[in-house]
Structure formats: structure tokens, C-alpha cells
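One file, data00.cif, carrying mmCIF, C-alpha atoms:
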```cif
data_query
#
loop_
_atom_site.label_atom_id
_atom_site.label_comp_id
_atom_site.auth_asym_id
_atom_site.auth_seq_id
_atom_site.Cartn_x
_atom_site.Cartn_y
_atom_site.Cartn_z
CA MET A 1 -84.84 -88.31 -139.44
CA THR A 2 -81.24 -87.23 -139.92
CA GLU A 3 -78.93 -84.91 -138.08
CA HIS A 4 -78.54 -82.89 -141.25
CA ALA A 5 -81.93 -81.28 -140.65
CA SER A 6 -80.20 -78.67 -138.47
CA PRO A 7 -79.08 -75.41 -140.04
CA PRO A 8 -75.41 -74.44 -140.29
CA GLY A 9 -73.59 -73.51 -137.10
CA ALA A 10 -74.75 -70.43 -135.26
CA GLN A 11 -72.91 -67.20 -136.12
CA GLU A 12 -71.34 -68.84 -139.23
CA PRO A 13 -72.24 -67.00 -142.46
CA LEU A 14 -74.50 -69.19 -144.53
CA SER A 15 -72.45 -68.39 -147.61
CA ALA A 16 -69.18 -69.53 -146.02
CA ASP A 17 -69.29 -73.03 -147.51
CA LEU A 18 -70.84 -72.10 -150.85
CA PRO A 19 -68.21 -72.57 -153.56
CA HIS A 20 -67.22 -69.76 -155.88
CA ALA A 21 -67.57 -70.22 -159.62
CA PHE A 22 -64.38 -68.39 -160.60
CA GLY A 23 -61.81 -69.49 -158.05
CA GLY A 24 -62.56 -67.29 -155.06
CA PRO A 25 -62.58 -63.53 -154.45
CA ALA A 26 -60.10 -61.44 -156.43
CA GLY A 27 -59.55 -58.99 -153.56
CA THR A 28 -60.98 -57.43 -150.42
CA GLY A 29 -62.92 -54.23 -149.90
CA GLN A 30 -65.42 -52.29 -147.83
CA LEU A 31 -69.10 -52.18 -148.73
CA ARG A 32 -71.83 -49.78 -147.64
CA VAL A 33 -69.63 -47.37 -145.73
CA GLU A 34 -72.33 -44.83 -146.63
CA PRO A 35 -75.86 -45.56 -147.86
CA GLU A 36 -74.93 -43.85 -151.15
CA ASP A 37 -72.39 -46.65 -151.75
CA PHE A 38 -75.31 -49.02 -152.47
CA ILE A 39 -77.90 -47.61 -154.88
CA VAL A 40 -80.83 -49.72 -156.09
CA ARG A 41 -83.46 -48.73 -158.62
CA GLU A 42 -86.45 -50.97 -159.23
CA LEU A 43 -87.19 -51.99 -162.82
CA PRO A 44 -91.00 -52.09 -162.98
CA ILE A 45 -93.10 -54.31 -165.23
CA CYS A 46 -95.37 -51.42 -166.22
CA GLU A 47 -96.04 -47.73 -165.67
CA PRO A 48 -99.23 -46.46 -164.01
CA ASP A 49 -101.94 -45.53 -166.52
CA GLY A 50 -103.12 -42.29 -164.89
CA THR A 51 -106.60 -43.33 -163.70
CA GLY A 52 -108.08 -45.61 -161.05
CA GLU A 53 -108.47 -45.96 -157.30
CA HIS A 54 -104.82 -46.77 -156.59
CA VAL A 55 -102.15 -44.09 -156.28
CA TRP A 56 -98.70 -45.29 -157.30
CA LEU A 57 -95.87 -43.46 -155.57
CA TRP A 58 -92.31 -43.50 -156.89
CA VAL A 59 -90.31 -43.25 -153.68
CA ARG A 60 -86.64 -42.70 -152.93
CA LYS A 61 -85.63 -43.93 -149.48
CA ARG A 62 -82.36 -43.70 -147.59
CA ASN A 63 -81.53 -45.87 -144.59
CA ALA A 64 -85.16 -46.93 -144.35
CA ASN A 65 -86.89 -50.30 -144.12
CA THR A 66 -89.37 -50.95 -146.93
CA ASP A 67 -92.19 -52.20 -144.72
CA TRP A 68 -91.68 -49.29 -142.31
CA VAL A 69 -91.99 -46.85 -145.21
CA ALA A 70 -95.23 -48.58 -146.29
CA ARG A 71 -96.67 -48.12 -142.80
CA GLN A 72 -95.70 -44.44 -142.75
CA LEU A 73 -97.36 -43.89 -146.12
CA ALA A 74 -100.52 -45.57 -144.81
CA ARG A 75 -100.53 -43.32 -141.75
CA PHE A 76 -100.09 -40.17 -143.84
CA ALA A 77 -102.84 -41.21 -146.28
CA GLY A 78 -105.21 -42.20 -143.46
CA VAL A 79 -105.59 -45.81 -144.60
CA THR A 80 -104.74 -49.18 -143.09
CA PRO A 81 -101.33 -50.79 -143.84
CA ARG A 82 -103.06 -53.50 -145.90
CA GLU A 83 -104.07 -50.81 -148.40
CA VAL A 84 -100.41 -50.02 -149.15
CA SER A 85 -98.38 -52.38 -151.27
CA TYR A 86 -94.98 -52.66 -152.96
CA ALA A 87 -93.42 -55.06 -155.47
CA GLY A 88 -90.33 -56.02 -153.50
CA LEU A 89 -88.18 -55.37 -150.46
CA LYS A 90 -85.12 -53.21 -150.93
CA ASP A 91 -82.00 -52.95 -148.80
CA ARG A 92 -82.30 -50.78 -145.71
CA HIS A 93 -78.70 -49.49 -145.57
CA ALA A 94 -78.84 -48.08 -149.09
CA VAL A 95 -80.43 -45.46 -151.31
CA THR A 96 -83.25 -47.10 -153.24
CA GLU A 97 -86.05 -46.10 -155.59
CA GLN A 98 -89.24 -48.11 -156.05
CA TRP A 99 -93.01 -47.98 -156.51
CA PHE A 100 -95.53 -48.19 -153.67
CA SER A 101 -99.29 -48.23 -154.26
CA VAL A 102 -101.96 -46.76 -151.95
CA GLN A 103 -105.63 -47.67 -152.41
CA LEU A 104 -107.84 -44.57 -152.19
CA PRO A 105 -111.25 -45.50 -153.63
CA GLY A 106 -113.49 -42.44 -153.93
CA LYS A 107 -110.94 -40.27 -152.15
CA THR A 108 -108.90 -37.33 -153.34
CA ASP A 109 -105.14 -37.48 -153.15
CA PRO A 110 -103.52 -36.00 -150.08
CA ASP A 111 -100.80 -33.42 -150.65
CA TRP A 112 -97.95 -35.89 -151.04
CA THR A 113 -95.40 -33.05 -150.99
CA ALA A 114 -96.43 -32.43 -147.38
CA ALA A 115 -95.44 -35.92 -146.23
CA ARG A 116 -92.61 -35.74 -143.71
CA ILE A 117 -91.14 -39.22 -143.46
CA GLU A 118 -87.53 -39.50 -142.35
CA GLY A 119 -85.26 -40.64 -145.15
CA VAL A 120 -88.09 -40.67 -147.72
CA GLU A 121 -88.81 -38.55 -150.81
CA ILE A 122 -91.95 -39.01 -152.87
CA LEU A 123 -90.80 -38.25 -156.41
CA ARG A 124 -93.97 -39.06 -158.40
CA ALA A 125 -97.64 -39.74 -157.64
CA VAL A 126 -99.76 -41.25 -160.45
CA ARG A 127 -103.14 -42.97 -160.39
CA HIS A 128 -103.48 -46.54 -161.63
CA SER A 129 -106.33 -49.01 -162.08
CA ARG A 130 -104.62 -51.84 -160.20
CA LYS A 131 -102.86 -52.49 -156.94
CA LEU A 132 -99.12 -53.10 -157.08
CA LYS A 133 -98.58 -56.79 -156.35
CA ARG A 134 -95.62 -58.40 -154.66
CA GLY A 135 -93.13 -59.70 -157.18
CA ALA A 136 -94.47 -57.44 -159.97
CA LEU A 137 -91.09 -56.17 -161.15
CA ARG A 138 -88.63 -57.03 -163.90
CA GLY A 139 -85.63 -56.71 -161.65
CA ASN A 140 -83.33 -54.14 -160.07
CA ALA A 141 -80.54 -51.91 -161.33
CA PHE A 142 -77.56 -51.44 -159.01
CA GLU A 143 -74.75 -48.97 -158.57
CA ILE A 144 -72.37 -50.22 -155.89
CA ARG A 145 -69.18 -48.58 -154.68
CA ILE A 146 -66.46 -50.76 -153.15
CA ARG A 147 -64.02 -48.76 -151.03
CA ALA A 148 -60.47 -49.57 -149.91
CA LEU A 149 -60.23 -52.34 -152.49
CA ARG A 150 -57.11 -54.45 -152.10
CA GLY A 151 -56.25 -56.64 -155.05
CA GLU A 152 -54.67 -56.45 -158.46
CA ARG A 153 -56.82 -54.40 -160.80
CA ALA A 154 -56.05 -56.67 -163.73
CA VAL A 155 -57.29 -59.70 -161.77
CA VAL A 156 -60.48 -57.90 -160.69
CA ASP A 157 -61.08 -56.76 -164.29
CA GLU A 158 -60.61 -60.33 -165.49
CA ARG A 159 -63.10 -61.59 -162.93
CA LEU A 160 -65.71 -59.06 -163.96
CA GLN A 161 -65.18 -59.88 -167.61
CA ALA A 162 -65.74 -63.56 -166.79
CA ILE A 163 -69.06 -62.68 -165.15
CA VAL A 164 -70.09 -60.72 -168.24
CA ALA A 165 -69.26 -63.71 -170.43
CA ARG A 166 -70.58 -66.53 -168.23
CA GLY A 167 -73.08 -65.08 -165.76
CA MET A 168 -73.00 -66.05 -162.09
CA PRO A 169 -74.43 -68.73 -159.78
CA ASN A 170 -77.95 -67.69 -158.78
CA TYR A 171 -77.50 -68.28 -155.04
CA PHE A 172 -80.06 -67.03 -152.58
CA GLY A 173 -78.31 -64.40 -150.46
CA GLU A 174 -77.82 -64.52 -146.70
CA GLN A 175 -80.59 -61.94 -146.31
CA ARG A 176 -83.01 -64.75 -147.12
CA PHE A 177 -82.10 -66.56 -143.92
CA GLY A 178 -82.39 -63.74 -141.39
CA ARG A 179 -79.95 -62.45 -138.82
CA ASP A 180 -77.37 -65.15 -138.03
CA GLY A 181 -79.52 -67.65 -139.93
CA GLY A 182 -82.40 -67.22 -137.50
CA ASN A 183 -85.12 -67.81 -140.12
CA LEU A 184 -83.49 -71.10 -141.07
CA ALA A 185 -83.21 -72.28 -137.48
CA ALA A 186 -86.87 -71.40 -136.94
CA ALA A 187 -87.76 -73.23 -140.15
CA ALA A 188 -86.03 -76.38 -138.91
CA ALA A 189 -88.07 -76.27 -135.69
CA MET A 190 -91.30 -75.61 -137.57
CA LEU A 191 -90.70 -78.51 -139.96
CA ARG A 192 -90.19 -80.76 -136.93
CA GLY A 193 -93.56 -79.64 -135.59
CA GLU A 194 -92.04 -77.70 -132.70
CA GLY A 195 -92.84 -74.21 -131.45
CA PRO A 196 -96.00 -72.07 -131.32
CA ARG A 197 -98.54 -71.55 -134.05
CA LEU A 198 -97.21 -68.90 -136.43
CA GLU A 199 -98.86 -66.08 -138.29
CA ARG A 200 -99.25 -66.77 -141.99
CA HIS A 201 -96.59 -64.33 -143.21
CA VAL A 202 -94.06 -65.54 -140.62
CA ARG A 203 -94.71 -69.15 -141.56
CA GLY A 204 -94.23 -68.26 -145.21
CA LEU A 205 -90.93 -66.55 -144.41
CA TYR A 206 -89.60 -69.68 -142.69
CA LEU A 207 -90.78 -72.03 -145.44
CA SER A 208 -89.10 -69.82 -148.00
CA ALA A 209 -85.85 -69.90 -146.02
CA ALA A 210 -85.88 -73.72 -145.90
CA ARG A 211 -86.66 -73.99 -149.61
CA SER A 212 -83.91 -71.51 -150.48
CA PHE A 213 -81.36 -73.37 -148.36
CA LEU A 214 -82.09 -76.63 -150.19
CA PHE A 215 -81.79 -74.89 -153.56
CA ASN A 216 -78.40 -73.49 -152.54
CA GLN A 217 -77.18 -76.99 -151.66
CA VAL A 218 -78.00 -78.28 -155.14
CA LEU A 219 -76.45 -75.25 -156.80
CA ALA A 220 -73.33 -75.49 -154.64
CA THR A 221 -72.79 -79.10 -155.73
CA ARG A 222 -73.14 -78.13 -159.39
CA VAL A 223 -70.70 -75.25 -158.95
CA ARG A 224 -68.19 -77.65 -157.44
CA ASP A 225 -68.43 -80.06 -160.37
CA GLY A 226 -68.70 -77.31 -163.00
CA SER A 227 -72.19 -78.19 -164.23
CA TRP A 228 -73.96 -75.00 -163.02
CA GLU A 229 -73.74 -73.59 -166.56
CA ARG A 230 -74.11 -76.89 -168.45
CA ALA A 231 -77.05 -79.19 -169.07
CA LEU A 232 -77.23 -82.66 -167.55
CA PRO A 233 -79.31 -85.31 -169.31
CA GLY A 234 -82.87 -84.78 -168.13
CA ASP A 235 -82.26 -81.22 -166.92
CA ALA A 236 -85.15 -78.75 -166.80
CA LEU A 237 -83.91 -75.74 -168.78
CA GLN A 238 -85.58 -72.38 -168.19
CA LEU A 239 -85.98 -69.80 -170.93
CA ASP A 240 -84.14 -66.59 -170.11
CA GLY A 241 -86.43 -64.01 -168.54
CA ARG A 242 -89.38 -66.41 -168.37
CA ARG A 243 -90.77 -69.04 -166.01
CA ALA A 244 -91.28 -71.56 -168.82
CA TRP A 245 -88.93 -74.55 -168.98
CA PHE A 246 -88.44 -77.74 -170.98
CA ILE A 247 -86.58 -81.02 -170.50
CA ALA A 248 -83.20 -81.46 -172.18
CA ASP A 249 -82.92 -85.11 -173.16
CA ALA A 250 -79.25 -84.61 -173.98
CA ALA A 251 -76.79 -81.76 -174.20
CA ASP A 252 -76.56 -81.59 -177.99
CA ALA A 253 -74.91 -78.83 -180.02
CA ASP A 254 -78.11 -76.77 -180.16
CA ILE A 255 -78.54 -76.85 -176.38
CA GLU A 256 -74.89 -75.93 -175.84
CA THR A 257 -75.27 -72.95 -178.17
CA ARG A 258 -78.42 -71.78 -176.40
CA LEU A 259 -76.69 -72.09 -173.02
CA ARG A 260 -73.68 -70.14 -174.25
CA ASP A 261 -75.98 -67.41 -175.63
CA PHE A 262 -77.94 -67.15 -172.33
CA ASP A 263 -81.10 -68.21 -174.13
CA VAL A 264 -81.70 -70.96 -171.55
CA HIS A 265 -80.38 -71.83 -168.09
CA PRO A 266 -80.18 -75.05 -166.04
CA THR A 267 -82.55 -75.01 -163.06
CA GLY A 268 -82.62 -76.31 -159.52
CA PRO A 269 -85.57 -77.37 -157.34
CA LEU A 270 -87.72 -75.20 -155.13
CA TRP A 271 -89.00 -78.14 -153.15
CA GLY A 272 -92.63 -79.04 -152.63
CA ARG A 273 -95.29 -81.61 -153.44
CA GLY A 274 -95.31 -83.51 -156.69
CA VAL A 275 -92.79 -85.19 -158.93
CA PRO A 276 -89.59 -83.21 -159.63
CA ALA A 277 -89.47 -81.77 -163.13
CA THR A 278 -86.06 -83.25 -163.92
CA GLN A 279 -85.54 -86.71 -165.37
CA ASP A 280 -82.77 -89.29 -165.72
CA ALA A 281 -79.29 -88.15 -164.60
CA ALA A 282 -80.45 -84.70 -163.47
CA ARG A 283 -83.15 -86.14 -161.20
CA ALA A 284 -80.74 -88.66 -159.72
CA PHE A 285 -78.23 -85.86 -159.14
CA GLU A 286 -80.73 -83.70 -157.26
CA GLY A 287 -81.94 -86.67 -155.24
CA ALA A 288 -78.37 -87.40 -154.12
CA CYS A 289 -77.81 -83.75 -153.18
CA LEU A 290 -80.92 -83.62 -151.00
CA ALA A 291 -80.91 -87.15 -149.56
CA GLN A 292 -79.56 -85.91 -146.24
CA PHE A 293 -82.39 -83.38 -146.05
CA ASP A 294 -85.23 -85.80 -146.74
CA ASP A 295 -87.08 -84.73 -143.58
CA TRP A 296 -86.93 -81.10 -144.70
CA CYS A 297 -88.30 -82.06 -148.11
CA ALA A 298 -91.12 -84.04 -146.48
CA GLY A 299 -91.91 -81.07 -144.22
CA LEU A 300 -92.18 -78.70 -147.18
CA GLU A 301 -94.50 -81.16 -148.91
CA ARG A 302 -96.69 -81.40 -145.79
CA ALA A 303 -96.81 -77.61 -145.70
CA GLY A 304 -98.57 -77.69 -149.08
CA LEU A 305 -95.87 -76.12 -151.26
CA GLU A 306 -95.73 -77.29 -154.87
CA GLN A 307 -92.62 -78.18 -156.84
CA ASP A 308 -91.13 -75.22 -158.71
CA ARG A 309 -87.88 -74.38 -160.47
CA ARG A 310 -85.30 -71.58 -160.27
CA ALA A 311 -82.46 -70.89 -162.69
CA LEU A 312 -79.07 -72.05 -161.41
CA ARG A 313 -77.37 -69.33 -163.43
CA VAL A 314 -78.28 -65.69 -163.88
CA ARG A 315 -77.24 -63.34 -166.64
CA VAL A 316 -75.77 -60.07 -165.35
CA ARG A 317 -76.94 -57.36 -167.69
CA GLU A 318 -75.23 -54.05 -168.49
CA LEU A 319 -72.29 -54.79 -166.19
CA ASP A 320 -69.67 -52.07 -166.34
CA TRP A 321 -67.23 -50.68 -163.83
CA THR A 322 -65.10 -47.64 -163.09
CA TRP A 323 -61.94 -47.42 -161.00
CA GLY A 324 -61.52 -44.38 -158.75
CA ASP A 325 -58.30 -42.66 -157.73
CA THR A 326 -58.35 -43.98 -154.15
CA ASP A 327 -58.69 -47.75 -154.54
CA ALA A 328 -62.43 -47.46 -155.10
CA LEU A 329 -64.39 -49.47 -157.66
CA THR A 330 -67.92 -48.63 -158.80
CA LEU A 331 -70.02 -51.40 -160.34
CA ARG A 332 -73.19 -50.83 -162.37
CA PHE A 333 -75.41 -53.71 -163.45
CA SER A 334 -78.94 -55.08 -163.40
CA LEU A 335 -80.36 -58.39 -162.23
CA PRO A 336 -83.75 -60.05 -162.72
CA ALA A 337 -86.24 -60.15 -159.88
CA GLY A 338 -85.27 -62.61 -157.17
CA SER A 339 -81.52 -62.51 -157.79
CA TYR A 340 -79.01 -61.04 -155.36
CA ALA A 341 -76.32 -58.41 -155.84
CA THR A 342 -74.45 -60.05 -152.95
CA ALA A 343 -74.10 -63.20 -155.09
CA LEU A 344 -72.17 -61.13 -157.62
CA LEU A 345 -70.08 -59.27 -155.05
CA ARG A 346 -68.87 -62.49 -153.37
CA GLU A 347 -67.46 -63.64 -156.72
CA VAL A 348 -65.40 -60.44 -156.95
CA ILE A 349 -64.28 -59.50 -153.44
CA GLU A 350 -64.32 -60.65 -149.87
CA GLY A 351 -66.16 -57.65 -148.51
CA MET A 352 -66.72 -56.18 -145.09
CA ASP A 353 -69.93 -54.22 -144.73
CA GLY A 354 -69.94 -50.85 -143.08
CA ASP A 355 -73.36 -52.02 -141.87
CA ASP A 356 -74.32 -55.50 -140.65
CA THR A 357 -75.21 -57.50 -143.78
CA ASN A 358 -77.78 -59.53 -141.84
CA ALA A 359 -79.65 -56.36 -140.96
CA THR A 360 -80.45 -55.68 -144.61
CA GLU A 361 -83.62 -56.73 -146.31
CA ASP A 362 -84.23 -59.46 -148.81
CA ILE A 363 -84.03 -57.73 -152.19
CA ALA A 364 -86.56 -58.95 -154.69
#
```
Can you dump the structure from the file as C-alpha cells?
Amino acid sequence: MTEHASPPGAQEPLSADLPHAFGGPAGTGQLRVEPEDFIVRELPICEPDGTGEHVWLWVRKRNANTDWVARQLARFAGVTPREVSYAGLKDRHAVTEQWFSVQLPGKTDPDWTAARIEGVEILRAVRHSRKLKRGALRGNAFEIRIRALRGERAVVDERLQAIVARGMPNYFGEQRFGRDGGNLAAAAAMLRGEGPRLERHVRGLYLSAARSFLFNQVLATRVRDGSWERALPGDALQLDGRRAWFIADAADADIETRLRDFDVHPTGPLWGRGVPATQDAARAFEGACLAQFDDWCAGLERAGLEQDRRALRVRVRELDWTWGDTDALTLRFSLPAGSYATALLREVIEGMDGDDTNATEDIA
């Protein structure tokens, strides 16, 4: 067992040592001074069909925790929290819109307009035949205002144009690792077999943190050597917008064109049991990146997780921006499910949150 099984130093941001793809931030600025500076709108997979035992609620929340809102909806509807579901967590210190579902078999709808939940508006209520499942979303659309931006506008514009053209590294954000990396520290202890028996959802949270940390290490190495947007021999390339992937025997002209057109993306490992998908040079590369974390890898395998893949690069869709008159910059863009707006922001500015970043939720 190696010393590298410990998480990064306490109080040190987990993104501090992750390399930037475009040479470092182009300026500094303030984020989330007000909740309205960070607006998120969920992009659902489907719309409710109008009939069934589940009521889907389109909810706007401000300065509210997603799980807390779910519990308040359950209380108002007179059901247990397990009968309320949502597709993904959304930032707390923000204004967000998303679907929740409430199971009401054989029951009439309550008067949703009478719900009095602080920071919450129920904008639509529609019946549907199925429960809303976690992860059942296409992605999220963002509108983010950066205040007090210090940096040359031409340099910031150039950076944003580079992201449009090349995408961005698909890092897991610091939210994944909890306040001051607490989830990662707990994961390290759990993988060593230390600590009390954990509830299933807590255990899953810690395993996810460990897996995400390992993925970030592989991606960071490929950002440093410039291969995060190129194919290595034996790479597993994922089709854009899909989970399907295939092995690239060599980076021929066709593969290079498909990479340039965002048709496919190189992937990194989400560690678990089984043989890694990559072959040849790509497998050797990943093995070298994770050699110092072999005990973590073994712990994830013992936990029963299976090997999976995640794109190293993400396409930023519909990215546009507007400069204000007072050194303010507003960004509008969308990302697929599981990708982080903070990964884009760190490529543009070194930002200081008006709220504690670690207190926000893990956007999915």
C-alpha cells in the first residue's frame, strides 16, 4: 500500500493542481454574488405525457438545496420522501429550474398553488406514467454572470472562442468531493476498511468521489501532454452524446476528422472490476497514471463497481457571451449531464465565489 492513497492536503482546493488546457485563467472575477448570477435550467429527456400515477412538477428554486426541496414537496403532498424523485442535483446558491416527480397512486392532486416553500415556485404540474429517475436528463443550460472581471477583454474573448472551437477538459468539479475534500478523505478511510458501517447512499457518495478523483488524475496527465483532445493508439473513443464507444487502433485521418468535428471523444477510466477498455499505448498510459493509486483501484474493485468510461473532453454547446458596462461578463451555454460549469469557468477566470463553492451541490 502506498502513501499516495491519501487525498490532497486538507483545505487545499482539489482543482489547484489540475492543469488548464489553454494556458491558465485569462482574468479574475467574482461569481455568485447574488443567486441570480448563476442560473441553471435542466434539459429533460422527455416531457410528461399527461396521465399516470406520478405528478411531475417543474420547479424554480432560489437558494435552496435540491434534496431539501424534495422533502418539502413530500410533506406538502402527504407522502414519504422516497415517493419524490428528481433527475439531478442543482446548485444551492443559484436560481435553478428542474423537474421533480411525486407518486400519487389513486390520489387526487393537492392544490400545488397553495404550497408555501421558501425559495420555491411550482411552475407546472403534469401527470406522467413513470417516475423521474436519477440521471434522466440531457444536460443543463447555464446563464452565469461574472462581476468585477479584471483582465483584457480581447484575451477573454479569445479564450472563449478557443473553448467553442476545441471544447474543454471534462474534469469532475470540486463539488464532487465535498466540503474541503471531506468525501474523498472519507473514501480513503473506507477503502482501507476503516470507520463505521455506512448507509448505502453515503457509501455510494464516497465511492463516486474516489472514482472521480482517479479519473481527474488521468485527465490531468493528458491535459499536460496535450493528448486530452487526441486519440492514443488503443484509446476507447466515445460517440458524442452517447455512452457507446469503440477502440481506435490508430489515429488515422478519419479519426482525426471525427475528433475535430466533436463526433467522438477520448475517454478515461471510471475504475472498477474487469479489464480496462483501452488497449496498447492507451492502456499502458492509464496504468502508469494510476500506479500510485493501486490500493484505491483494488478497493473500488472489492466494492463491486464495474469498469466504465467517461469522455475526457466535453463539447460546450451554444456558448455565447455579453460584456456589461461595469466589468461584468454574462456567459450562456449548455453542457451534457454529468459535466460541470465550474470546469469551464476555471479555464476563463480565477474566480472568487460570493458563496462558499464547497457548499454547493453536485450538478448533474
#### Entry: Residues selected by the PyMOL selection byres ((chain A and resi 136-139) around 9), written as a ChimeraX atom specification
/A:41-46,86-88,132-135,140-141,241,334-339,364
### Message
Give me, as a list in words, all polymer residues having an atom no more than 12 Å from Asp157 (chain A), counting all atoms listed in the file and skipping those fewer than 6 positions away in the same chain.
### Response
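Once the nearby chain positions are removed, what remains is Ala26, Gly27, Gly151, Ile163, Val164, Leu319, Asp320, Trp321, Thr322, Trp323, Leu329, Thr330, Leu331, Val348 and Ile349 of chain A.
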### Message
Please compute the CA of Val202 (chain A)-CA of Leu89 (chain A) distance, one decimal, in Å.
### Response
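According to the coordinates, CA of Val202 (chain A) and CA of Leu89 (chain A) are separated by 15.3 Å.
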### Task
Can you give me, as a VMD selection string, the residues this file yields under the PyMOL selection byres ((chain A and resi 66) around 8)?
chain A and resid 64 to 65 67 to 70 89 to 92
### Message
For a quick check of your reading of the model, name the residues lying within 12 Å of the coordinate (-66.9, -65.8, -162.8), counting all atoms listed in the file, and write them as a count of residues only.
### Response
39
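For the residues A:Ala244, A:Leu237, A:Ala209, A:Ile117, ranking by smallest atom-to-atom distance to Trp296 (chain A) using all atoms listed in the file places A:Ala209 first.
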#### Entry: region 278-283 of chain A surroundings by all atoms listed in the file, 8 Å radius, close-in-sequence under 5 positions cut, as a list in words
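Using all atoms listed in the file, the neighbours found are Leu232, Pro233, Gly234, Asp235, Ala236 and Ile247 of chain A.
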### Task
Take the PyMOL selection byres ((chain A and resi 53) around 12), apply it to the structure above, and return the hits as a ChimeraX atom specification.
/A:48-52,54-56,83,101-109,126-132
Edge lengths and centre in Å to one decimal, as lines of an AutoDock Vina configuration file, of the axis-aligned box that encloses all listed atoms of region 132-147 of chain A with 3 Å added on every side?
```
center_x = -81.6
center_y = -54.1
center_z = -157.5
size_x = 41.1
size_y = 17.1
size_z = 18.9
```
### Separation of CA of Val59 (chain A) from CA of Ala125 (chain A), in Å and rounded to one decimal
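Distance reported for this atom pair: 9.0 Å.
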### Message
Given only C-alpha atoms as the basis, pick out the residue of A:Glu306, A:Asp225, A:Glu121, A:Asp180 nearest to Leu207 (chain A).
### Response
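The shortest atom-to-atom distance to Leu207 (chain A) comes from A:Glu306.
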#### Entry: Interatomic distance (Å, one decimal) between CA of Asp17 (chain A) and CA of Gly195 (chain A)
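It comes out at 28.5 Å.
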### Residue nearest Gly119 (chain A) among A:Ala298, A:Leu219, A:Val95, A:Leu270 (counting only C-alpha atoms)
A:Val95
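Neighbours of Arg309 (chain A) closer than or equal to 7 Å, with all atoms listed in the file counted and sequence neighbours fewer than 3 positions away skipped, come out as Thr267, Gly268, Pro269 and Leu270 of chain A.
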### Task
Would you list the contacts of Gly272 (chain A) as an MDAnalysis selection string, taking every protein, DNA or RNA residue within 7 Å and counting only C-alpha atoms, but skipping same-chain residues closer than 4 positions in sequence?
chainID A and resid 297 300:301 305:307
### Message
I'd like the neighbourhood of Glu143 (chain A) as an NGL selection string, where a residue qualifies if any of its atoms comes within 8 Å (using all atoms listed in the file), though same-chain residues fewer than 4 positions away should be ignored.
### Response
:A and (37-40 or 330-333)
### Query
Using only C-alpha atoms, which of the listed residues (A:Leu149, A:Val33, A:Val84, A:Val120) sits closest to Lys61 (chain A)?
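Looking only at the distances to Lys61 (chain A), the closest residue turns out to be A:Val120.
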Would you fill out region 59-78 of chain A with N, CA and C atoms and return it as a PDB file, in the frame of the given file?
```
ATOM      1  N   VAL A  59     -90.897 -43.694-154.942  1.00  0.00           N
ATOM      2  CA  VAL A  59     -90.310 -43.250-153.680  1.00  0.00           C
ATOM      3  C   VAL A  59     -88.811 -43.509-153.669  1.00  0.00           C
ATOM      4  N   ARG A  60     -88.066 -42.504-153.231  1.00  0.00           N
ATOM      5  CA  ARG A  60     -86.640 -42.700-152.930  1.00  0.00           C
ATOM      6  C   ARG A  60     -86.494 -42.751-151.414  1.00  0.00           C
ATOM      7  N   LYS A  61     -85.842 -43.800-150.933  1.00  0.00           N
ATOM      8  CA  LYS A  61     -85.630 -43.930-149.480  1.00  0.00           C
ATOM      9  C   LYS A  61     -84.155 -44.109-149.184  1.00  0.00           C
ATOM     10  N   ARG A  62     -83.749 -43.613-148.047  1.00  0.00           N
ATOM     11  CA  ARG A  62     -82.360 -43.700-147.590  1.00  0.00           C
ATOM     12  C   ARG A  62     -82.337 -44.204-146.153  1.00  0.00           C
ATOM     13  N   ASN A  63     -81.620 -45.297-145.938  1.00  0.00           N
ATOM     14  CA  ASN A  63     -81.530 -45.870-144.590  1.00  0.00           C
ATOM     15  C   ASN A  63     -82.917 -46.141-144.004  1.00  0.00           C
ATOM     16  N   ALA A  64     -83.787 -46.691-144.803  1.00  0.00           N
ATOM     17  CA  ALA A  64     -85.160 -46.930-144.350  1.00  0.00           C
ATOM     18  C   ALA A  64     -85.614 -48.320-144.765  1.00  0.00           C
ATOM     19  N   ASN A  65     -86.327 -48.979-143.884  1.00  0.00           N
ATOM     20  CA  ASN A  65     -86.890 -50.300-144.120  1.00  0.00           C
ATOM     21  C   ASN A  65     -88.140 -50.191-144.986  1.00  0.00           C
ATOM     22  N   THR A  66     -88.260 -51.043-145.971  1.00  0.00           N
ATOM     23  CA  THR A  66     -89.370 -50.950-146.930  1.00  0.00           C
ATOM     24  C   THR A  66     -90.729 -51.049-146.252  1.00  0.00           C
ATOM     25  N   ASP A  67     -90.899 -52.027-145.374  1.00  0.00           N
ATOM     26  CA  ASP A  67     -92.190 -52.200-144.720  1.00  0.00           C
ATOM     27  C   ASP A  67     -92.510 -51.022-143.805  1.00  0.00           C
ATOM     28  N   TRP A  68     -91.486 -50.475-143.144  1.00  0.00           N
ATOM     29  CA  TRP A  68     -91.680 -49.290-142.310  1.00  0.00           C
ATOM     30  C   TRP A  68     -92.163 -48.120-143.147  1.00  0.00           C
ATOM     31  N   VAL A  69     -91.562 -47.928-144.326  1.00  0.00           N
ATOM     32  CA  VAL A  69     -91.990 -46.850-145.210  1.00  0.00           C
ATOM     33  C   VAL A  69     -93.457 -47.053-145.615  1.00  0.00           C
ATOM     34  N   ALA A  70     -93.837 -48.291-145.921  1.00  0.00           N
ATOM     35  CA  ALA A  70     -95.230 -48.580-146.290  1.00  0.00           C
ATOM     36  C   ALA A  70     -96.181 -48.178-145.161  1.00  0.00           C
ATOM     37  N   ARG A  71     -95.804 -48.478-143.939  1.00  0.00           N
ATOM     38  CA  ARG A  71     -96.670 -48.120-142.800  1.00  0.00           C
ATOM     39  C   ARG A  71     -96.759 -46.606-142.633  1.00  0.00           C
ATOM     40  N   GLN A  72     -95.665 -45.896-142.869  1.00  0.00           N
ATOM     41  CA  GLN A  72     -95.700 -44.440-142.750  1.00  0.00           C
ATOM     42  C   GLN A  72     -96.567 -43.818-143.847  1.00  0.00           C
ATOM     43  N   LEU A  73     -96.508 -44.380-145.038  1.00  0.00           N
ATOM     44  CA  LEU A  73     -97.360 -43.890-146.120  1.00  0.00           C
ATOM     45  C   LEU A  73     -98.838 -44.120-145.791  1.00  0.00           C
ATOM     46  N   ALA A  74     -99.138 -45.274-145.208  1.00  0.00           N
ATOM     47  CA  ALA A  74    -100.520 -45.570-144.810  1.00  0.00           C
ATOM     48  C   ALA A  74    -101.004 -44.561-143.766  1.00  0.00           C
ATOM     49  N   ARG A  75    -100.154 -44.277-142.804  1.00  0.00           N
ATOM     50  CA  ARG A  75    -100.530 -43.320-141.750  1.00  0.00           C
ATOM     51  C   ARG A  75    -100.791 -41.942-142.350  1.00  0.00           C
ATOM     52  N   PHE A  76     -99.914 -41.506-143.250  1.00  0.00           N
ATOM     53  CA  PHE A  76    -100.090 -40.170-143.840  1.00  0.00           C
ATOM     54  C   PHE A  76    -101.361 -40.108-144.679  1.00  0.00           C
ATOM     55  N   ALA A  77    -101.661 -41.199-145.415  1.00  0.00           N
ATOM     56  CA  ALA A  77    -102.840 -41.210-146.280  1.00  0.00           C
ATOM     57  C   ALA A  77    -104.123 -41.500-145.526  1.00  0.00           C
ATOM     58  N   GLY A  78    -104.024 -41.898-144.256  1.00  0.00           N
ATOM     59  CA  GLY A  78    -105.210 -42.200-143.460  1.00  0.00           C
ATOM     60  C   GLY A  78    -105.872 -43.510-143.844  1.00  0.00           C
TER      61      GLY A  78
END
```
